[in-house]
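Structure file model_22.cif (mmCIF, C-alpha atoms) is printed below.
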data_protein
#
loop_
_atom_site.label_atom_id
_atom_site.label_comp_id
_atom_site.auth_asym_id
_atom_site.auth_seq_id
_atom_site.Cartn_x
_atom_site.Cartn_y
_atom_site.Cartn_z
CA MET A 264 -55.73 179.14 -16.31
CA VAL A 265 -56.88 175.56 -16.79
CA SER A 266 -55.60 172.40 -15.14
CA SER A 267 -56.08 168.98 -16.60
CA THR A 268 -54.60 165.50 -16.28
CA THR A 269 -53.80 162.90 -18.88
CA ASP A 270 -51.68 159.78 -19.29
CA LEU A 271 -48.26 160.44 -20.82
CA THR A 272 -44.92 158.65 -20.72
CA CYS A 273 -42.53 160.47 -18.40
CA VAL A 274 -39.13 161.23 -19.91
CA ALA A 275 -37.52 161.10 -16.45
CA CYS A 276 -38.93 157.95 -14.82
CA GLY A 277 -40.13 156.24 -18.02
CA GLN A 278 -43.52 155.36 -16.52
CA GLU A 279 -46.77 155.86 -18.41
CA CYS A 280 -48.78 157.65 -15.76
CA GLU A 281 -50.93 160.67 -15.08
CA HIS A 282 -49.43 164.05 -15.81
CA GLU A 283 -50.89 167.34 -14.58
CA LEU A 284 -51.12 169.97 -17.28
CA VAL A 285 -51.29 173.72 -16.68
CA ILE A 286 -52.74 175.66 -19.61
CA VAL A 287 -52.67 179.44 -19.78
CA GLY A 288 -55.11 180.79 -22.33
CA ARG A 289 -54.42 178.45 -25.23
CA LEU A 290 -50.81 177.93 -24.26
CA LEU A 291 -49.49 174.84 -22.50
CA HIS A 292 -47.51 176.23 -19.56
CA SER A 293 -46.17 173.07 -17.91
CA THR A 294 -46.66 169.34 -17.30
CA ARG A 295 -45.85 167.45 -14.11
CA CYS A 296 -45.46 163.70 -13.73
CA THR A 297 -47.53 162.53 -10.75
CA ALA A 298 -45.23 159.53 -10.22
CA CYS A 299 -41.83 161.25 -9.95
CA GLY A 300 -42.72 164.95 -9.98
CA HIS A 301 -40.68 165.72 -13.11
CA VAL A 302 -41.82 169.02 -14.59
CA VAL A 303 -41.57 170.03 -18.24
CA ARG A 304 -42.17 173.73 -18.83
CA HIS A 305 -42.52 176.04 -21.72
CA GLU A 306 -39.17 177.81 -22.24
CA GLN A 307 -39.27 180.69 -19.74
CA ARG A 308 -37.35 183.07 -22.01
CA ASP A 309 -40.06 183.14 -24.66
CA LEU A 310 -43.08 182.31 -22.52
CA MET A 311 -44.27 185.91 -22.20
CA SER A 312 -43.84 186.71 -25.89
CA ALA A 313 -45.60 183.45 -26.85
CA TYR A 314 -48.42 184.29 -24.43
CA LEU A 315 -48.78 187.81 -25.82
CA ARG A 316 -48.82 186.51 -29.42
CA ASP A 317 -51.46 184.00 -28.43
CA LEU A 318 -53.50 186.64 -26.57
CA GLU A 319 -53.38 188.90 -29.63
CA HIS A 320 -54.62 186.05 -31.84
CA ARG A 321 -57.39 185.27 -29.33
CA LEU A 322 -58.52 188.90 -29.29
CA LEU A 323 -58.45 189.23 -33.08
CA THR A 324 -60.45 186.05 -33.63
CA LYS A 325 -62.89 186.64 -30.74
CA PRO A 326 -65.59 188.41 -32.83
CA GLN A 327 -65.57 185.58 -35.36
CA ARG A 328 -65.79 182.97 -32.60
CA LEU A 329 -68.60 184.86 -30.85
CA VAL A 330 -70.61 185.00 -34.07
CA ARG A 331 -70.05 181.28 -34.65
CA ARG A 332 -71.28 180.46 -31.13
CA ALA A 333 -74.26 182.83 -31.47
CA VAL A 334 -75.26 181.17 -34.74
CA SER A 335 -74.80 177.58 -33.64
CA GLU A 336 -76.31 177.84 -30.13
CA PRO A 337 -78.15 181.18 -29.83
CA LEU A 338 -79.96 180.51 -26.55
CA THR A 339 -76.96 179.09 -24.70
CA PHE A 340 -74.84 181.93 -26.06
CA LEU A 341 -77.21 184.67 -24.88
CA LEU A 342 -77.77 183.14 -21.45
CA GLY A 343 -74.06 182.61 -20.86
CA LEU A 344 -72.78 185.90 -22.29
CA PRO A 345 -73.09 188.18 -19.19
CA ALA A 346 -71.25 185.76 -16.91
CA ALA A 347 -68.63 185.11 -19.59
CA VAL A 348 -67.95 188.85 -19.98
CA LEU A 349 -67.64 189.31 -16.21
CA ARG A 350 -65.19 186.39 -15.96
CA GLN A 351 -62.71 187.75 -18.52
CA PRO A 352 -60.73 190.32 -16.43
CA GLY A 353 -60.11 187.83 -13.62
CA LYS A 354 -59.17 185.17 -16.14
CA ILE A 355 -56.57 187.38 -17.81
CA VAL A 356 -55.08 188.45 -14.45
CA GLU A 357 -54.81 184.80 -13.40
CA GLU A 358 -53.10 183.91 -16.70
CA LEU A 359 -50.61 186.77 -16.34
CA LYS A 360 -49.80 185.75 -12.75
CA THR A 361 -49.04 182.21 -13.93
CA VAL A 362 -46.90 183.39 -16.84
CA LEU A 363 -44.93 185.84 -14.68
CA ARG A 364 -44.50 183.43 -11.77
CA PRO A 365 -40.76 182.62 -11.37
CA ARG A 366 -39.70 178.99 -11.57
CA MET B 145 -53.61 146.78 -60.86
CA GLU B 146 -57.29 147.47 -60.30
CA ASP B 147 -59.37 149.84 -62.38
CA ALA B 148 -58.95 153.37 -61.07
CA GLY B 149 -62.02 154.72 -62.81
CA ALA B 150 -64.48 153.43 -60.24
CA GLY B 151 -62.70 155.29 -57.46
CA ARG B 152 -62.89 158.65 -59.21
CA ARG B 153 -66.69 158.57 -59.11
CA ILE B 154 -66.64 159.34 -55.42
CA TYR B 155 -66.04 163.05 -56.00
CA ARG B 156 -69.11 163.55 -58.18
CA ARG B 157 -71.78 162.58 -55.69
CA GLY B 158 -72.80 164.88 -52.90
CA VAL B 159 -74.21 164.13 -49.47
CA PRO B 160 -75.84 167.28 -48.05
CA SER B 161 -74.98 167.98 -44.44
CA THR B 162 -77.78 167.39 -41.97
CA PRO B 163 -79.03 170.24 -39.76
CA SER B 164 -78.06 169.95 -36.12
CA SER B 165 -79.30 172.85 -33.99
CA GLY B 166 -79.43 176.65 -33.82
CA LEU B 167 -79.24 178.96 -36.82
CA GLY B 168 -76.08 177.38 -38.21
CA PRO B 169 -77.76 175.00 -40.63
CA PHE B 170 -79.67 177.90 -42.22
CA LEU B 171 -76.65 180.14 -42.59
CA ARG B 172 -74.13 177.40 -43.34
CA ARG B 173 -72.56 177.47 -46.77
CA ARG B 174 -73.69 174.29 -48.46
CA ARG B 175 -71.47 172.49 -50.90
CA PRO B 176 -71.60 169.03 -52.36
CA ARG B 177 -69.64 166.53 -50.27
CA GLY B 178 -67.73 163.51 -51.48
CA THR B 179 -68.48 159.91 -50.71
CA ALA B 180 -65.50 159.17 -48.51
CA ALA B 181 -65.95 158.73 -44.75
CA ALA B 182 -63.51 159.91 -42.09
CA VAL B 183 -63.38 157.77 -38.96
CA VAL B 184 -61.46 159.15 -35.98
CA LEU B 185 -60.63 156.64 -33.26
CA ALA B 186 -60.80 158.03 -29.74
CA GLY B 187 -61.57 154.79 -27.98
CA GLY B 188 -58.21 154.37 -26.27
CA SER B 189 -56.27 151.17 -26.05
CA GLY B 190 -57.91 149.89 -22.91
CA THR B 191 -54.56 150.08 -21.11
CA ARG B 192 -54.95 153.51 -19.58
CA VAL B 193 -53.38 153.78 -16.17
CA GLY B 194 -55.06 156.79 -14.57
CA ALA B 195 -58.33 158.63 -14.42
CA GLY B 196 -57.01 161.55 -16.46
CA LEU B 197 -58.53 162.95 -19.59
CA ASN B 198 -58.29 160.87 -22.77
CA LYS B 199 -55.53 162.51 -24.86
CA VAL B 200 -57.87 163.22 -27.75
CA TYR B 201 -59.92 165.60 -25.57
CA LEU B 202 -56.96 167.61 -24.31
CA PRO B 203 -57.06 171.28 -25.19
CA LEU B 204 -54.63 172.25 -27.94
CA ALA B 205 -54.46 175.86 -29.08
CA GLY B 206 -57.98 176.63 -27.95
CA ARG B 207 -59.75 173.51 -29.15
CA ARG B 208 -59.77 169.91 -28.11
CA VAL B 209 -57.47 167.65 -30.11
CA VAL B 210 -60.29 165.69 -31.71
CA SER B 211 -61.85 168.87 -33.11
CA TRP B 212 -58.64 169.64 -34.99
CA SER B 213 -58.76 166.21 -36.67
CA PHE B 214 -62.28 166.86 -37.98
CA THR B 215 -61.35 170.42 -38.96
CA TRP B 216 -58.54 169.16 -41.21
CA ALA B 217 -60.56 166.21 -42.56
CA GLY B 218 -63.53 168.44 -43.38
CA GLN B 219 -61.58 171.02 -45.36
CA GLY B 220 -61.52 169.01 -48.57
CA SER B 221 -64.53 168.11 -50.70
CA GLU B 222 -63.70 164.39 -50.76
CA ILE B 223 -65.11 163.50 -47.34
CA GLY B 224 -68.85 163.60 -46.74
CA ARG B 225 -69.31 161.42 -43.64
CA PHE B 226 -67.62 161.84 -40.29
CA VAL B 227 -67.55 159.28 -37.47
CA LEU B 228 -65.98 159.57 -34.02
CA VAL B 229 -65.44 156.31 -32.13
CA VAL B 230 -65.44 156.84 -28.36
CA ARG B 231 -65.31 154.97 -25.07
CA PRO B 232 -68.73 154.75 -23.37
CA GLU B 233 -67.61 157.05 -20.55
CA ASP B 234 -66.47 159.71 -23.04
CA ALA B 235 -69.65 159.81 -25.13
CA GLU B 236 -71.15 162.86 -23.40
CA LEU B 237 -67.89 164.82 -23.52
CA ALA B 238 -67.44 163.91 -27.19
CA THR B 239 -70.94 165.08 -28.07
CA GLN B 240 -70.49 168.39 -26.20
CA THR B 241 -67.08 168.97 -27.79
CA LEU B 242 -68.35 168.36 -31.31
CA ARG B 243 -71.41 170.55 -30.75
CA ARG B 244 -69.23 173.41 -29.61
CA GLU B 245 -66.16 173.06 -31.82
CA ALA B 246 -67.20 171.17 -34.96
CA ALA B 247 -70.80 172.34 -35.34
CA HIS B 248 -70.27 172.90 -39.07
CA LEU B 249 -69.90 169.14 -39.57
CA LYS B 250 -72.34 166.36 -38.84
CA VAL B 251 -70.28 163.87 -36.88
CA ASP B 252 -71.76 160.54 -35.80
CA VAL B 253 -70.57 159.39 -32.37
CA VAL B 254 -70.17 155.62 -32.13
CA VAL B 255 -69.18 153.66 -29.01
CA GLY B 256 -66.17 151.46 -29.77
CA GLY B 257 -64.69 148.33 -28.25
CA GLY B 258 -61.79 147.52 -25.99
CA THR B 259 -59.22 147.30 -28.78
CA ARG B 260 -58.40 149.35 -31.84
CA HIS B 261 -59.64 146.51 -34.08
CA GLU B 262 -62.99 146.37 -32.26
CA SER B 263 -63.37 150.15 -32.52
CA GLU B 264 -62.72 149.97 -36.26
CA GLU B 265 -65.29 147.18 -36.50
CA ALA B 266 -67.86 149.32 -34.66
CA ALA B 267 -67.28 152.22 -37.06
CA LEU B 268 -67.58 149.97 -40.10
CA ALA B 269 -70.77 148.39 -38.71
CA HIS B 270 -72.19 151.91 -38.30
CA LEU B 271 -71.27 152.80 -41.88
CA ALA B 272 -72.30 149.42 -43.36
CA PRO B 273 -75.73 150.53 -44.71
CA SER B 274 -74.14 153.52 -46.45
CA ILE B 275 -71.32 151.35 -47.79
CA ASP B 276 -73.79 148.78 -49.12
CA SER B 277 -75.87 151.48 -50.80
CA GLY B 278 -72.76 153.03 -52.38
CA ASP B 279 -73.07 156.34 -50.50
CA VAL B 280 -69.69 155.69 -48.87
CA GLU B 281 -67.04 154.37 -51.24
CA VAL B 282 -63.82 155.06 -49.32
CA VAL B 283 -63.21 154.88 -45.56
CA ALA B 284 -60.25 156.70 -43.99
CA ILE B 285 -59.44 155.65 -40.42
CA HIS B 286 -57.41 157.97 -38.21
CA ASP B 287 -55.84 157.75 -34.79
CA GLY B 288 -57.29 160.62 -32.74
CA ALA B 289 -53.99 161.19 -30.92
CA ARG B 290 -52.36 162.31 -34.18
CA ARG B 291 -53.56 165.86 -34.11
CA LEU B 292 -51.60 167.37 -36.99
CA ALA B 293 -52.69 165.33 -40.02
CA GLY B 294 -53.42 168.20 -42.40
CA PRO B 295 -56.02 168.45 -45.19
CA SER B 296 -53.49 167.55 -47.90
CA LEU B 297 -52.69 164.25 -46.17
CA TRP B 298 -56.40 163.37 -45.86
CA ARG B 299 -56.86 164.25 -49.53
CA ALA B 300 -53.84 162.19 -50.60
CA VAL B 301 -54.91 158.99 -48.82
CA VAL B 302 -58.53 159.24 -49.98
CA GLN B 303 -57.59 159.88 -53.60
CA THR B 304 -54.97 157.12 -53.60
CA ALA B 305 -57.35 154.63 -51.98
CA ALA B 306 -60.01 155.47 -54.55
CA ALA B 307 -57.48 154.87 -57.32
CA VAL B 308 -55.63 151.74 -56.16
CA GLY B 309 -57.63 150.25 -53.25
CA GLY B 310 -55.76 151.32 -50.13
CA ALA B 311 -53.37 154.02 -48.94
CA VAL B 312 -51.24 154.55 -45.85
CA PRO B 313 -49.03 157.55 -45.05
CA ALA B 314 -45.45 156.45 -44.43
CA LEU B 315 -42.08 157.98 -43.68
CA PRO B 316 -38.65 156.37 -44.12
CA ALA B 317 -37.59 154.78 -40.82
CA SER B 318 -33.96 155.75 -40.57
CA GLY B 319 -31.73 154.63 -37.70
CA VAL B 320 -33.81 151.53 -36.95
CA LEU B 321 -32.20 148.33 -35.69
CA PRO B 322 -33.89 145.02 -34.85
CA VAL B 323 -33.76 143.98 -31.19
CA GLY B 324 -32.88 140.41 -30.20
CA ASP B 325 -34.55 138.23 -27.57
CA ASP B 326 -32.03 139.48 -25.01
CA GLY B 327 -33.16 143.07 -25.59
CA HIS B 328 -29.94 144.14 -27.33
CA PRO B 329 -29.84 145.56 -30.84
CA VAL B 330 -28.57 143.14 -33.48
CA PRO B 331 -26.95 144.07 -36.80
CA PRO B 332 -29.49 144.02 -39.65
CA ARG B 333 -29.06 141.01 -41.95
CA GLY B 334 -30.86 142.42 -44.96
CA GLN B 335 -31.36 145.87 -46.34
CA THR B 336 -33.05 148.40 -44.08
CA GLU B 337 -33.64 151.15 -46.65
CA GLY B 338 -37.16 149.92 -47.34
CA LEU B 339 -38.32 150.23 -43.71
CA THR B 340 -41.01 152.82 -43.10
CA ARG B 341 -42.92 154.29 -40.18
CA VAL B 342 -46.62 154.05 -40.92
CA GLN B 343 -48.98 156.81 -39.81
CA THR B 344 -52.70 157.51 -40.05
CA PRO B 345 -55.17 158.32 -41.66
CA GLN B 346 -55.23 155.02 -43.57
CA ALA B 347 -57.84 154.83 -46.34
CA PHE B 348 -59.38 151.88 -48.18
CA ARG B 349 -62.19 151.12 -50.60
CA ALA B 350 -65.15 150.74 -48.29
CA LYS B 351 -66.76 147.54 -49.58
CA ASP B 352 -63.46 145.64 -49.59
CA LEU B 353 -62.61 146.91 -46.11
CA LEU B 354 -66.00 145.90 -44.73
CA ALA B 355 -65.63 142.42 -46.26
CA ALA B 356 -62.10 142.13 -44.83
CA TYR B 357 -63.31 142.94 -41.31
CA ASP B 358 -66.16 140.43 -41.64
CA ALA B 359 -63.62 137.79 -42.65
CA ALA B 360 -61.27 138.80 -39.83
CA ARG B 361 -64.09 138.46 -37.28
CA GLU B 362 -64.95 134.99 -38.54
CA ALA B 363 -61.28 134.02 -38.27
CA GLY B 364 -61.00 135.50 -34.76
CA TYR B 365 -58.26 137.84 -35.99
CA GLN B 366 -57.41 141.23 -34.47
CA GLY B 367 -55.05 143.42 -36.48
CA THR B 368 -52.77 146.03 -34.98
CA ASP B 369 -53.82 148.63 -37.53
CA THR B 370 -56.26 148.99 -40.40
CA ALA B 371 -53.73 148.20 -43.15
CA CYS B 372 -52.73 145.00 -41.38
CA SER B 373 -56.32 143.68 -41.35
CA ALA B 374 -57.05 144.90 -44.88
CA GLU B 375 -53.96 143.23 -46.34
CA SER B 376 -54.55 139.98 -44.45
CA PHE B 377 -58.19 139.55 -45.45
CA SER B 378 -58.63 141.31 -48.79
CA GLY B 379 -56.92 141.53 -52.14
CA LEU B 380 -56.59 145.30 -51.81
CA VAL B 381 -53.43 146.90 -53.14
CA VAL B 382 -52.15 149.17 -50.37
CA GLN B 383 -49.93 152.00 -51.55
CA ALA B 384 -47.77 154.23 -49.37
CA VAL B 385 -48.21 157.97 -49.72
CA ALA B 386 -45.79 160.53 -48.32
CA GLY B 387 -46.47 160.94 -44.62
CA SER B 388 -45.76 164.10 -42.68
CA ARG B 389 -43.04 164.61 -40.06
CA THR B 390 -45.39 166.93 -38.21
CA ASN B 391 -48.09 164.23 -38.02
CA LEU B 392 -46.81 163.22 -34.63
CA LYS B 393 -48.49 161.07 -32.05
CA VAL B 394 -48.61 162.39 -28.51
CA THR B 395 -46.73 160.07 -26.17
CA TYR B 396 -44.35 162.28 -24.17
CA PRO B 397 -44.99 165.70 -22.58
CA HIS B 398 -42.65 167.30 -25.13
CA ASP B 399 -44.95 166.16 -27.94
CA LEU B 400 -47.67 168.44 -26.57
CA PHE B 401 -45.37 171.48 -26.60
CA LEU B 402 -44.14 170.61 -30.11
CA ALA B 403 -47.67 170.16 -31.48
CA GLU B 404 -48.67 173.52 -30.06
CA ARG B 405 -45.66 175.27 -31.60
CA LEU B 406 -46.18 173.63 -34.98
CA LEU B 407 -49.80 174.77 -35.03
CA ALA B 408 -48.89 178.31 -33.99
CA ALA B 409 -46.11 178.45 -36.61
CA ALA B 410 -48.66 177.44 -39.26
CA LYS B 411 -51.00 180.15 -37.94
CA TYR B 412 -53.49 177.41 -37.02
CA ARG B 413 -53.99 176.48 -40.68
CA LEU B 414 -52.29 173.27 -41.78
CA ALA B 415 -51.69 172.61 -45.47
#
Do you think you could lay out the structure here as structure tokens?
Amino acid sequence: MVSSTTDLTCVACGQECEHELVIVGRLLHSTRCTACGHVVRHEQRDLMSAYLRDLEHRLLTKPQRLVRRAVSEPLTFLLGLPAAVLRQPGKIVEELKTVLRPR
Amino acid sequence: MEDAGAGRRIYRRGVPSTPSSGLGPFLRRRRPRGTAAAVVLAGGSGTRVGAGLNKVYLPLAGRRVVSWSFTWAGQGSEIGRFVLVVRPEDAELATQTLRREAAHLKVDVVVGGGTRHESEEAALAHLAPSIDSGDVEVVAIHDGARRLAGPSLWRAVVQTAAAVGGAVPALPASGVLPVGDDGHPVPPRGQTEGLTRVQTPQAFRAKDLLAAYDAAREAGYQGTDTACSAESFSGLVVQAVAGSRTNLKVTYPHDLFLAERLLAAAKYRLA
């Protein structure tokens, strides 16, 4: 799960201000206006299926992406690989917890 | 109408990509590149209100927005030069992002100015030697926040600009009413069928565009978009090409969700 902030125009208060973004895997989970607190979420009813489709695509394209990284930055890739592998289970669990969390 | 023959030459010349780092340059499939340049503006308007991430570096479907723009621009053979215009504080992030996500392209990172016009000027100044030597014959300038401009749109504007002088993507602007001084809509007096919403990338013959921006600087003029400056300070014919309804600009939170869904629906490969 990744959190980020950016300036967007809020549909509730109309202000252009910072919004907090929650990203699960490659999927935008929700945005929150820091001025009025208005939250825009991914539709809950298809969030899990969208997440699973995205996870499947990530898994299928992972070998290709690993090769691309290994070719473009071999040293950085090799040095970072063990830690990256160890991080994956925790990352997936965290993503699932966010997706399954009730509103 | 200007001679279209000169524009067609741009597809015959090739500019080999320059090695960057790692093994990629040795394994990379080399192909001749065209003599058009893609400029992506990520400088911001200078009116940002918070300390959040510049929209063009937001993650979208696994990559940052700006990487998608270069991915689509680089899929055709027309474009051989790539320039990203950034704010000074974003230069390091931009370089890292491009190294990781657009390593197959050589993208020059240029620091822009406080306005869109100044950022365009900075990009043109960077490209000026190549424009003067004839290596770059068409320049296409794109707003980095429009993340879904597909390869066919890039191709259309570059080919049209090469043929007639300038090209902008446009869509019919239906349901538009002028607003009076009091802020209320007023009935249109003339026909409104010809109104269009203009998008980016906007492409122009490079030498004419460079001369137009030189003239604009001397006149102290700052255009709101590239077409505006080009039309005001050059004799270029600017032709509209069909824009795309999916080429949306991110303004509201919903735009982010929509962009993500459109990309997923296209299986992350835009036409």
Name the residues captured by the PyMOL selection byres ((chain B and resi 204-218) around 9) when it is applied to the shown file; answer as a PDB file with C-alpha atoms, in the frame of the given file.
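And here's selection.pdb as it stands now:
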ATOM      1  CA  GLY A 288     -55.110 180.790 -22.330  1.00  0.00           C
ATOM      2  CA  ARG A 289     -54.420 178.450 -25.230  1.00  0.00           C
ATOM      3  CA  LEU A 290     -50.810 177.930 -24.260  1.00  0.00           C
ATOM      4  CA  LEU A 291     -49.490 174.840 -22.500  1.00  0.00           C
ATOM      5  CA  ASP A 317     -51.460 184.000 -28.430  1.00  0.00           C
ATOM      6  CA  ARG A 321     -57.390 185.270 -29.330  1.00  0.00           C
TER       7      ARG A 321
ATOM      8  CA  ALA B 182     -63.510 159.910 -42.090  1.00  0.00           C
ATOM      9  CA  VAL B 184     -61.460 159.150 -35.980  1.00  0.00           C
ATOM     10  CA  ALA B 186     -60.800 158.030 -29.740  1.00  0.00           C
ATOM     11  CA  LYS B 199     -55.530 162.510 -24.860  1.00  0.00           C
ATOM     12  CA  VAL B 200     -57.870 163.220 -27.750  1.00  0.00           C
ATOM     13  CA  TYR B 201     -59.920 165.600 -25.570  1.00  0.00           C
ATOM     14  CA  LEU B 202     -56.960 167.610 -24.310  1.00  0.00           C
ATOM     15  CA  PRO B 203     -57.060 171.280 -25.190  1.00  0.00           C
ATOM     16  CA  GLN B 219     -61.580 171.020 -45.360  1.00  0.00           C
ATOM     17  CA  GLY B 220     -61.520 169.010 -48.570  1.00  0.00           C
ATOM     18  CA  SER B 221     -64.530 168.110 -50.700  1.00  0.00           C
ATOM     19  CA  GLU B 222     -63.700 164.390 -50.760  1.00  0.00           C
ATOM     20  CA  ILE B 223     -65.110 163.500 -47.340  1.00  0.00           C
ATOM     21  CA  GLY B 224     -68.850 163.600 -46.740  1.00  0.00           C
ATOM     22  CA  PHE B 226     -67.620 161.840 -40.290  1.00  0.00           C
ATOM     23  CA  LEU B 228     -65.980 159.570 -34.020  1.00  0.00           C
ATOM     24  CA  ALA B 238     -67.440 163.910 -27.190  1.00  0.00           C
ATOM     25  CA  THR B 241     -67.080 168.970 -27.790  1.00  0.00           C
ATOM     26  CA  LEU B 242     -68.350 168.360 -31.310  1.00  0.00           C
ATOM     27  CA  GLU B 245     -66.160 173.060 -31.820  1.00  0.00           C
ATOM     28  CA  ALA B 246     -67.200 171.170 -34.960  1.00  0.00           C
ATOM     29  CA  LEU B 249     -69.900 169.140 -39.570  1.00  0.00           C
ATOM     30  CA  VAL B 251     -70.280 163.870 -36.880  1.00  0.00           C
ATOM     31  CA  HIS B 286     -57.410 157.970 -38.210  1.00  0.00           C
ATOM     32  CA  GLY B 288     -57.290 160.620 -32.740  1.00  0.00           C
ATOM     33  CA  ALA B 289     -53.990 161.190 -30.920  1.00  0.00           C
ATOM     34  CA  ARG B 290     -52.360 162.310 -34.180  1.00  0.00           C
ATOM     35  CA  ARG B 291     -53.560 165.860 -34.110  1.00  0.00           C
ATOM     36  CA  LEU B 292     -51.600 167.370 -36.990  1.00  0.00           C
ATOM     37  CA  ALA B 293     -52.690 165.330 -40.020  1.00  0.00           C
ATOM     38  CA  GLY B 294     -53.420 168.200 -42.400  1.00  0.00           C
ATOM     39  CA  PRO B 295     -56.020 168.450 -45.190  1.00  0.00           C
ATOM     40  CA  SER B 296     -53.490 167.550 -47.900  1.00  0.00           C
ATOM     41  CA  LEU B 297     -52.690 164.250 -46.170  1.00  0.00           C
ATOM     42  CA  TRP B 298     -56.400 163.370 -45.860  1.00  0.00           C
ATOM     43  CA  ARG B 299     -56.860 164.250 -49.530  1.00  0.00           C
ATOM     44  CA  LEU B 400     -47.670 168.440 -26.570  1.00  0.00           C
ATOM     45  CA  ALA B 403     -47.670 170.160 -31.480  1.00  0.00           C
ATOM     46  CA  GLU B 404     -48.670 173.520 -30.060  1.00  0.00           C
ATOM     47  CA  LEU B 407     -49.800 174.770 -35.030  1.00  0.00           C
ATOM     48  CA  ALA B 408     -48.890 178.310 -33.990  1.00  0.00           C
ATOM     49  CA  TYR B 412     -53.490 177.410 -37.020  1.00  0.00           C
ATOM     50  CA  ARG B 413     -53.990 176.480 -40.680  1.00  0.00           C
ATOM     51  CA  LEU B 414     -52.290 173.270 -41.780  1.00  0.00           C
ATOM     52  CA  ALA B 415     -51.690 172.610 -45.470  1.00  0.00           C
TER      53      ALA B 415
END
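Ranking B:Ser376, B:Thr340, B:Asn198, B:Thr179 by their shortest atom-to-atom distance to chain A, with all atoms listed in the file included, puts B:Asn198 first.
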Each residue of chain A lying at most 9 Å from chain B should get a row with its shortest atom-to-atom pair and the distance in Å to one decimal, counting only C-alpha atoms; could you produce that, ordered by chain and increasing number, as a tab-separated table?
residue	atom	partner	partner_atom	distance
A:Ser267	CA	B:Leu197	CA	7.2
A:Thr268	CA	B:Gly196	CA	4.6
A:Thr269	CA	B:Gly196	CA	4.2
A:Asp270	CA	B:Gly196	CA	6.3
A:Leu271	CA	B:Tyr396	CA	5.5
A:Thr272	CA	B:Tyr396	CA	5.0
A:Cys273	CA	B:Tyr396	CA	6.3
A:Val274	CA	B:Tyr396	CA	6.8
A:Glu279	CA	B:Val193	CA	7.3
A:Cys280	CA	B:Val193	CA	6.0
A:Glu281	CA	B:Gly194	CA	5.7
A:His282	CA	B:Gly196	CA	8.0
A:Glu283	CA	B:Gly196	CA	8.6
A:Ile286	CA	B:Pro203	CA	8.3
A:Gly288	CA	B:Gly206	CA	7.6
A:Arg289	CA	B:Ala205	CA	4.6
A:Leu290	CA	B:Ala205	CA	6.4
A:Leu291	CA	B:Phe401	CA	6.7
A:His292	CA	B:Phe401	CA	8.8
A:Ser293	CA	B:Pro397	CA	8.8
A:Thr294	CA	B:Pro397	CA	6.6
A:Arg295	CA	B:Pro397	CA	8.7
A:Val303	CA	B:Pro397	CA	7.0
A:Arg304	CA	B:Phe401	CA	8.7
A:His305	CA	B:Phe401	CA	7.3
A:Asp317	CA	B:Ala408	CA	8.4
A:Arg321	CA	B:Gly206	CA	8.8
A:Arg331	CA	B:Gly168	CA	8.0
A:Arg332	CA	B:Arg244	CA	7.5
A:Ala333	CA	B:Leu167	CA	8.3
A:Val334	CA	B:Leu167	CA	5.0
A:Ser335	CA	B:Gly166	CA	4.7
A:Glu336	CA	B:Gly166	CA	5.0
A:Pro337	CA	B:Gly166	CA	6.2
A:Leu338	CA	B:Gly166	CA	8.2
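Coordinates place CA of Gly187 (chain B) at a distance of 9.4 Å from CA of Asp287 (chain B).
Straight-line separation from CA of Arg389 (chain B) to CA of Ala267 (chain B): 27.4 Å.
Considering all atoms listed in the file, the residue among B:Leu353, B:Leu392, B:Val229, B:Val385 positioned nearest to Glu281 (chain B) is B:Leu353.
Evaluated on this file, the PyMOL selection byres ((chain B and resi 301-309) around 7) matches Glu146, Ala148, Gly151, Arg152, Val282, Ala284, Leu297, Trp298, Arg299, Ala300, Gly310, Ala311, Val312, Gln346, Ala347, Phe348, Arg349, Leu380, Val381, Val382 and Val385 of chain B.
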Under the PyMOL selection byres ((chain B and resi 370) around 9), which residues of this model are included? Write them out as a PyMOL selection string.
chain B and resi 260-261+264+285+346-348+353+367-369+371-375
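Reported to one decimal place, the separation of CA of Gly178 (chain B) from CA of Leu315 (chain B) is 27.4 Å.
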The centre and edge lengths of an axis-aligned box containing all atoms of region 347-358 of chain A present in the file, extended by 4 Å on each side, are to be given in Å to one decimal, as lines of an AutoDock Vina configuration file.
center_x = -60.9
center_y = 187.1
center_z = -16.7
size_x = 23.5
size_y = 14.4
size_z = 14.6
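The nearest approach to Ile355 (chain A) among the residues A:Phe340, A:Gly277, A:Tyr314, A:Ala298, with all atoms listed in the file taken into account, belongs to A:Tyr314.
Nearest residue to Gly256 (chain B), choosing from B:Ala384, B:Val183, B:Ile275, B:Leu237 and counting all atoms listed in the file: B:Val183.
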